[in-house]
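Trainee: model_18.cif is reproduced in full below (mmCIF, C-alpha atoms).
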```cif
data_model
loop_
_atom_site.label_atom_id
_atom_site.label_comp_id
_atom_site.auth_asym_id
_atom_site.auth_seq_id
_atom_site.Cartn_x
_atom_site.Cartn_y
_atom_site.Cartn_z
CA MET A 1 87.49 7.18 35.07
CA VAL A 2 88.77 8.25 38.39
CA ALA A 3 92.30 7.60 37.35
CA GLN A 4 91.88 9.71 34.23
CA ALA A 5 90.33 12.62 36.06
CA ALA A 6 93.01 12.87 38.71
CA PRO A 7 96.02 14.66 37.48
CA PRO A 8 99.42 13.35 38.13
CA ALA A 9 100.98 14.19 41.45
CA GLY A 10 103.83 16.07 39.90
CA THR A 11 101.54 17.99 37.62
CA ALA A 12 99.19 19.06 40.43
CA GLY A 13 101.98 20.36 42.59
CA GLN A 14 103.43 22.31 39.72
CA GLY A 15 100.07 23.96 38.99
CA THR A 16 99.64 25.01 42.58
CA HIS A 17 103.09 26.62 42.70
CA GLU A 18 102.43 28.49 39.45
CA ALA A 19 99.04 29.81 40.66
CA ALA A 20 100.49 31.17 43.90
CA PRO A 21 103.07 33.48 42.26
CA ALA A 22 100.38 34.72 39.88
CA ALA A 23 98.04 35.57 42.74
CA HIS A 24 100.86 37.25 44.65
CA GLY A 25 101.76 39.34 41.61
CA ALA A 26 98.15 40.42 41.16
CA ALA A 27 97.91 41.47 44.80
CA ALA A 28 101.18 43.38 44.60
CA GLY A 29 99.98 45.15 41.44
CA ALA A 30 96.74 46.14 43.15
CA ALA A 31 98.66 47.42 46.19
CA GLU A 32 101.04 49.43 44.02
CA GLU A 33 98.09 50.93 42.12
CA GLY A 34 96.44 51.88 45.43
CA HIS A 35 99.66 53.46 46.73
CA GLY A 36 100.02 55.39 43.49
CA LYS A 37 96.57 56.92 43.84
CA LYS A 38 97.15 57.97 47.54
CA SER A 39 100.51 59.56 46.86
CA HIS A 40 98.91 62.83 45.54
CA PHE A 41 98.97 65.97 47.94
CA PRO A 42 95.28 66.52 48.91
CA PRO A 43 95.12 70.29 48.14
CA PHE A 44 96.48 69.55 44.66
CA ASP A 45 93.98 66.83 44.01
CA ALA A 46 91.65 68.08 41.26
CA THR A 47 88.79 65.92 42.44
CA THR A 48 88.60 67.87 45.79
CA PHE A 49 88.84 71.45 44.42
CA ALA A 50 85.11 72.12 44.76
CA SER A 51 84.93 70.98 48.37
CA GLN A 52 88.14 72.86 49.16
CA LEU A 53 86.72 76.09 47.68
CA LEU A 54 83.48 75.58 49.57
CA TRP A 55 85.27 75.08 52.89
CA LEU A 56 87.55 78.03 52.12
CA VAL A 57 84.55 80.30 51.53
CA LEU A 58 82.82 79.01 54.65
CA SER A 59 85.97 79.39 56.76
CA PHE A 60 86.67 82.91 55.41
CA GLY A 61 83.05 83.95 55.98
CA LEU A 62 83.08 82.55 59.50
CA LEU A 63 86.40 84.25 60.23
CA TYR A 64 85.13 87.54 58.76
CA LEU A 65 81.92 87.28 60.79
CA LEU A 66 83.89 86.50 63.93
CA MET A 67 86.30 89.42 63.32
CA SER A 68 83.54 91.91 62.42
CA ARG A 69 81.22 90.93 65.27
CA VAL A 70 83.67 90.15 68.08
CA ALA A 71 87.32 91.09 67.52
CA LEU A 72 86.98 94.36 65.60
CA PRO A 73 84.42 95.93 68.01
CA ARG A 74 86.65 95.04 70.95
CA ILE A 75 89.67 96.51 69.21
CA GLY A 76 87.63 99.60 68.32
CA ARG A 77 86.48 100.00 71.92
CA ILE A 78 90.03 99.56 73.19
CA LEU A 79 91.33 102.16 70.71
CA GLU A 80 88.49 104.52 71.59
CA GLU A 81 89.14 104.07 75.32
CA ARG A 82 92.83 104.71 74.79
CA HIS A 83 92.04 107.77 72.71
CA ASP A 84 89.65 109.08 75.38
CA ARG A 85 92.17 108.34 78.13
CA ILE A 86 94.92 110.12 76.23
CA ALA A 87 92.60 113.07 75.57
CA ASP A 88 91.65 113.19 79.27
CA ASP A 89 95.31 113.00 80.28
CA LEU A 90 96.19 115.81 77.87
CA GLU A 91 93.29 117.90 79.15
CA GLU A 92 94.31 117.22 82.75
CA ALA A 93 97.92 118.11 81.94
CA ALA A 94 96.81 121.34 80.25
CA LYS A 95 94.64 122.13 83.28
CA HIS A 96 97.52 121.52 85.68
CA LYS A 97 99.80 123.59 83.46
CA ALA A 98 97.32 126.48 83.48
CA GLU A 99 96.96 126.20 87.25
CA SER A 100 100.74 126.13 87.64
CA GLU A 101 101.14 129.19 85.42
CA ALA A 102 98.38 130.99 87.34
CA ALA A 103 100.01 130.08 90.66
CA GLN A 104 103.38 131.28 89.39
CA ALA A 105 101.86 134.56 88.19
CA SER A 106 100.08 134.99 91.53
CA TYR A 107 103.33 134.25 93.38
CA GLU A 108 105.26 136.76 91.28
CA LYS A 109 102.54 139.36 91.82
CA ALA A 110 102.51 138.73 95.59
CA LEU A 111 106.30 138.90 95.64
CA ALA A 112 106.28 142.21 93.76
CA GLU A 113 103.62 143.59 96.12
CA ALA A 114 105.61 142.39 99.14
CA ARG A 115 108.75 144.06 97.80
CA ALA A 116 106.88 147.31 97.13
CA LYS A 117 105.30 147.17 100.58
CA ALA A 118 108.68 146.45 102.19
CA ASN A 119 110.23 149.38 100.33
CA ALA A 120 107.34 151.63 101.38
CA ILE A 121 107.65 150.51 105.01
CA ALA A 122 111.41 151.05 104.90
CA GLY A 123 110.92 154.53 103.44
CA GLU A 124 108.29 155.41 106.02
CA THR A 125 110.48 154.06 108.82
CA ARG A 126 113.47 156.00 107.51
CA ASN A 127 111.44 159.21 107.24
CA ARG A 128 109.93 158.69 110.70
CA LEU A 129 113.35 158.03 112.22
CA ALA A 130 114.75 161.09 110.47
CA ALA A 131 111.82 163.20 111.73
CA ASP A 132 112.24 161.80 115.24
CA ALA A 133 115.98 162.48 115.13
CA GLU A 134 115.35 166.01 113.89
CA ALA A 135 112.75 166.58 116.62
CA ASN A 136 115.12 165.18 119.24
CA ARG A 137 117.91 167.38 117.92
CA LYS A 138 115.74 170.47 118.05
CA SER A 139 114.52 169.52 121.53
CA LEU A 140 118.10 169.00 122.70
CA GLU A 141 119.17 172.26 121.12
CA ALA A 142 116.25 174.07 122.76
CA GLY A 143 117.07 172.46 126.12
CA LEU A 144 120.75 173.32 125.75
CA ALA A 145 119.87 176.87 124.73
CA ALA A 146 117.59 177.22 127.76
CA LYS A 147 120.23 175.73 130.04
CA LEU A 148 122.85 177.98 128.46
CA ALA A 149 120.67 181.05 128.94
CA THR A 150 120.03 180.03 132.54
CA ALA A 151 123.74 179.44 133.05
CA GLU A 152 124.62 182.78 131.50
CA GLN A 153 122.02 184.48 133.65
CA SER A 154 123.37 182.71 136.71
CA ILE A 155 126.92 183.62 135.73
CA ALA A 156 125.92 187.25 135.20
CA SER A 157 124.14 187.32 138.54
CA THR A 158 127.08 185.63 140.22
CA LYS A 159 129.44 188.04 138.50
CA THR A 160 127.38 191.01 139.58
CA GLU A 161 127.24 189.69 143.10
CA ALA A 162 130.96 188.98 143.01
CA LEU A 163 131.65 192.44 141.68
CA THR A 164 129.61 193.85 144.55
CA HIS A 165 131.70 191.90 147.00
CA VAL A 166 134.85 192.89 145.13
CA ARG A 167 133.89 196.59 145.41
CA GLY A 168 133.32 196.21 149.14
CA ILE A 169 136.55 194.30 149.55
CA ALA A 170 138.38 196.88 147.40
CA VAL A 171 136.88 199.74 149.41
CA ASP A 172 137.92 198.14 152.71
CA ALA A 173 141.38 197.31 151.39
CA THR A 174 141.89 200.77 149.97
CA HIS A 175 140.71 202.35 153.21
CA ALA A 176 143.14 200.24 155.21
CA ILE A 177 146.04 200.88 152.82
CA VAL A 178 145.46 204.65 152.79
CA SER A 179 145.12 204.70 156.56
CA THR A 180 148.37 202.86 156.90
CA LEU A 181 150.17 205.09 154.41
CA ILE A 182 149.05 208.48 155.64
CA GLY A 183 148.49 207.55 159.23
CA THR A 184 144.95 208.97 159.26
CA SER A 185 141.66 207.37 158.22
CA PRO A 186 140.34 208.87 154.94
CA ALA A 187 136.68 209.62 154.33
CA GLN A 188 134.58 206.61 153.34
CA ALA A 189 132.95 208.50 150.46
CA ASP A 190 136.29 209.45 148.97
CA VAL A 191 137.51 205.88 149.15
CA GLU A 192 134.34 204.52 147.52
CA GLN A 193 134.54 207.18 144.76
CA ALA A 194 138.14 206.28 144.03
CA VAL A 195 137.35 202.53 143.90
CA ASP A 196 134.35 203.09 141.62
CA GLY A 197 136.49 205.16 139.27
CA ALA A 198 139.12 202.45 139.11
CA LEU A 199 136.49 199.79 138.40
CA VAL A 200 134.92 201.86 135.63
CA LYS A 201 138.30 202.32 133.96
CA LYS A 202 138.94 198.56 134.22
CA ASP A 203 135.60 197.65 132.64
CA ALA A 204 136.18 200.17 129.85
CA ALA A 205 139.60 198.67 129.13
#
```
As structure tokens - that is how I would like this structure written.

Mentor:
Amino acid sequence: MVAQAAPPAGTAGQGTHEAAPAAHGAAAGAAEEGHGKKSHFPPFDATTFASQLLWLVLSFGLLYLLMSRVALPRIGRILEERHDRIADDLEEAAKHKAESEAAQASYEKALAEARAKANAIAGETRNRLAADAEANRKSLEAGLAAKLATAEQSIASTKTEALTHVRGIAVDATHAIVSTLIGTSPAQADVEQAVDGALVKKDAA
């Protein structure tokens, strides 16, 4: 019984070798089937579309909520601050421009007033100098006229006095000449009358 149940040695070894390749082939087939199922790209796997859409909606909603509650208000505040700063800068520039134009107008007005005042002062100075020169000229002319009148009066007085001395000298000379010529002394009255006649004729000539 035992001898019948035990297979031959050659037969048992052959069965073991045949079972091993069969098991190895089955395992390889299972591995290839598993690799074939995992080779699909996950987003293209139809069995995960629902979960992918769900996560896409959740992610988009979360991103939208984050943008609308955090990012967009910050961006809006930044844009508003920039807009306000630019508006303030433009207003400040316009203010400075208006102040500059007002200062320039004031400067031009002051310059025009200064020129007009300078011209008026120059005219007044010129007129005053001309009046002073005219007054000095008239004063000099009056002084010269007075001095000339005094000189003429002095000359006339001196001339009269000189003529008086000349008459006396002429009378004495005539008396001496006549006395020498005729040998006798002529009358003083006759000599004076002759000298006066000669002087009258000379003045008339």

Trainee: One decimal, Å: what's the distance from CA of Glu192 (chain A) over to CA of Ser179 (chain A), could you say?

Mentor: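 These two atoms are separated by 14.1 Å.
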
Trainee: Tell me which protein, DNA and RNA residues are within 12 Å of region 176-178 of chain A, counting all atoms listed in the file, leaving out same-chain ones fewer than 6 positions away, and put them as a ChimeraX atom specification.

Mentor: /A:169-170,184-188,190-191,194

Trainee: Could you tell me how far CA of Leu79 (chain A) sits from CA of Phe60 (chain A), in Å to one decimal place?

Mentor: 25.0 Å

Trainee: Mind pulling up the distance from CA of His165 (chain A) to CA of Asp196 (chain A)?

Mentor: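 Interatomic distance here is 12.7 Å.
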
Trainee: Calculate, to one decimal in Å, the centre and edge lengths of the box along x, y and z of the file that holds all listed atoms of region 134-152 of chain A with 5 Å of margin on each side, and present them as lines of an AutoDock Vina configuration file.

Mentor:
```
center_x = 118.7
center_y = 174.0
center_z = 123.5
size_x = 21.9
size_y = 27.6
size_z = 29.2
```

Trainee: Here's the selection I'm unsure about, the PyMOL selection byres ((chain A and resi 167) around 12); applied to the file above, which residues does it give, as a PyMOL selection string?

Mentor: chain A and resi 159-166+168-175+191-200

Trainee: Create the file for the chosen residues now, containing C-alpha atoms and written as a PDB file, keeping the file's coordinate frame.

Mentor:
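Saved as result.pdb:
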```pdb
ATOM      1  CA  LYS A 159     129.440 188.040 138.500  1.00  0.00           C
ATOM      2  CA  THR A 160     127.380 191.010 139.580  1.00  0.00           C
ATOM      3  CA  GLU A 161     127.240 189.690 143.100  1.00  0.00           C
ATOM      4  CA  ALA A 162     130.960 188.980 143.010  1.00  0.00           C
ATOM      5  CA  LEU A 163     131.650 192.440 141.680  1.00  0.00           C
ATOM      6  CA  THR A 164     129.610 193.850 144.550  1.00  0.00           C
ATOM      7  CA  HIS A 165     131.700 191.900 147.000  1.00  0.00           C
ATOM      8  CA  VAL A 166     134.850 192.890 145.130  1.00  0.00           C
ATOM      9  CA  GLY A 168     133.320 196.210 149.140  1.00  0.00           C
ATOM     10  CA  ILE A 169     136.550 194.300 149.550  1.00  0.00           C
ATOM     11  CA  ALA A 170     138.380 196.880 147.400  1.00  0.00           C
ATOM     12  CA  VAL A 171     136.880 199.740 149.410  1.00  0.00           C
ATOM     13  CA  ASP A 172     137.920 198.140 152.710  1.00  0.00           C
ATOM     14  CA  ALA A 173     141.380 197.310 151.390  1.00  0.00           C
ATOM     15  CA  THR A 174     141.890 200.770 149.970  1.00  0.00           C
ATOM     16  CA  HIS A 175     140.710 202.350 153.210  1.00  0.00           C
ATOM     17  CA  VAL A 191     137.510 205.880 149.150  1.00  0.00           C
ATOM     18  CA  GLU A 192     134.340 204.520 147.520  1.00  0.00           C
ATOM     19  CA  GLN A 193     134.540 207.180 144.760  1.00  0.00           C
ATOM     20  CA  ALA A 194     138.140 206.280 144.030  1.00  0.00           C
ATOM     21  CA  VAL A 195     137.350 202.530 143.900  1.00  0.00           C
ATOM     22  CA  ASP A 196     134.350 203.090 141.620  1.00  0.00           C
ATOM     23  CA  GLY A 197     136.490 205.160 139.270  1.00  0.00           C
ATOM     24  CA  ALA A 198     139.120 202.450 139.110  1.00  0.00           C
ATOM     25  CA  LEU A 199     136.490 199.790 138.400  1.00  0.00           C
ATOM     26  CA  VAL A 200     134.920 201.860 135.630  1.00  0.00           C
TER      27      VAL A 200
END
```

Trainee: With N, CA, C and O atoms as the target, complete region 53-65 of chain A and hand it back as a PDB file, in the frame of the given file.

Mentor:
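Ended up saving to part_24.pdb:
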```pdb
ATOM      1  N   LEU A  53      87.204  74.707  47.858  1.00  0.00           N
ATOM      2  CA  LEU A  53      86.720  76.090  47.680  1.00  0.00           C
ATOM      3  C   LEU A  53      85.540  76.364  48.577  1.00  0.00           C
ATOM      4  O   LEU A  53      85.420  77.455  49.168  1.00  0.00           O
ATOM      5  N   LEU A  54      84.636  75.389  48.707  1.00  0.00           N
ATOM      6  CA  LEU A  54      83.480  75.580  49.570  1.00  0.00           C
ATOM      7  C   LEU A  54      83.900  75.793  51.025  1.00  0.00           C
ATOM      8  O   LEU A  54      83.441  76.719  51.697  1.00  0.00           O
ATOM      9  N   TRP A  55      84.811  74.930  51.505  1.00  0.00           N
ATOM     10  CA  TRP A  55      85.270  75.080  52.890  1.00  0.00           C
ATOM     11  C   TRP A  55      86.077  76.369  53.076  1.00  0.00           C
ATOM     12  O   TRP A  55      86.036  76.979  54.146  1.00  0.00           O
ATOM     13  N   LEU A  56      86.802  76.765  52.018  1.00  0.00           N
ATOM     14  CA  LEU A  56      87.550  78.030  52.120  1.00  0.00           C
ATOM     15  C   LEU A  56      86.603  79.211  52.253  1.00  0.00           C
ATOM     16  O   LEU A  56      86.813  80.108  53.089  1.00  0.00           O
ATOM     17  N   VAL A  57      85.537  79.216  51.438  1.00  0.00           N
ATOM     18  CA  VAL A  57      84.550  80.300  51.530  1.00  0.00           C
ATOM     19  C   VAL A  57      83.862  80.297  52.886  1.00  0.00           C
ATOM     20  O   VAL A  57      83.688  81.346  53.532  1.00  0.00           O
ATOM     21  N   LEU A  58      83.473  79.087  53.343  1.00  0.00           N
ATOM     22  CA  LEU A  58      82.820  79.010  54.650  1.00  0.00           C
ATOM     23  C   LEU A  58      83.752  79.465  55.775  1.00  0.00           C
ATOM     24  O   LEU A  58      83.348  80.200  56.683  1.00  0.00           O
ATOM     25  N   SER A  59      85.007  79.008  55.716  1.00  0.00           N
ATOM     26  CA  SER A  59      85.970  79.390  56.760  1.00  0.00           C
ATOM     27  C   SER A  59      86.233  80.902  56.740  1.00  0.00           C
ATOM     28  O   SER A  59      86.267  81.574  57.790  1.00  0.00           O
ATOM     29  N   PHE A  60      86.427  81.472  55.519  1.00  0.00           N
ATOM     30  CA  PHE A  60      86.670  82.910  55.410  1.00  0.00           C
ATOM     31  C   PHE A  60      85.458  83.709  55.904  1.00  0.00           C
ATOM     32  O   PHE A  60      85.601  84.723  56.605  1.00  0.00           O
ATOM     33  N   GLY A  61      84.253  83.260  55.518  1.00  0.00           N
ATOM     34  CA  GLY A  61      83.050  83.950  55.980  1.00  0.00           C
ATOM     35  C   GLY A  61      82.908  83.876  57.484  1.00  0.00           C
ATOM     36  O   GLY A  61      82.563  84.868  58.142  1.00  0.00           O
ATOM     37  N   LEU A  62      83.157  82.698  58.052  1.00  0.00           N
ATOM     38  CA  LEU A  62      83.080  82.550  59.500  1.00  0.00           C
ATOM     39  C   LEU A  62      84.123  83.422  60.207  1.00  0.00           C
ATOM     40  O   LEU A  62      83.833  84.084  61.210  1.00  0.00           O
ATOM     41  N   LEU A  63      85.346  83.424  59.654  1.00  0.00           N
ATOM     42  CA  LEU A  63      86.400  84.250  60.230  1.00  0.00           C
ATOM     43  C   LEU A  63      86.056  85.735  60.121  1.00  0.00           C
ATOM     44  O   LEU A  63      86.256  86.514  61.060  1.00  0.00           O
ATOM     45  N   TYR A  64      85.515  86.139  58.950  1.00  0.00           N
ATOM     46  CA  TYR A  64      85.130  87.540  58.760  1.00  0.00           C
ATOM     47  C   TYR A  64      84.007  87.924  59.720  1.00  0.00           C
ATOM     48  O   TYR A  64      84.012  89.002  60.317  1.00  0.00           O
ATOM     49  N   LEU A  65      83.022  87.011  59.864  1.00  0.00           N
ATOM     50  CA  LEU A  65      81.920  87.280  60.790  1.00  0.00           C
ATOM     51  C   LEU A  65      82.439  87.378  62.222  1.00  0.00           C
ATOM     52  O   LEU A  65      82.029  88.269  62.982  1.00  0.00           O
TER      53      LEU A  65
END
```
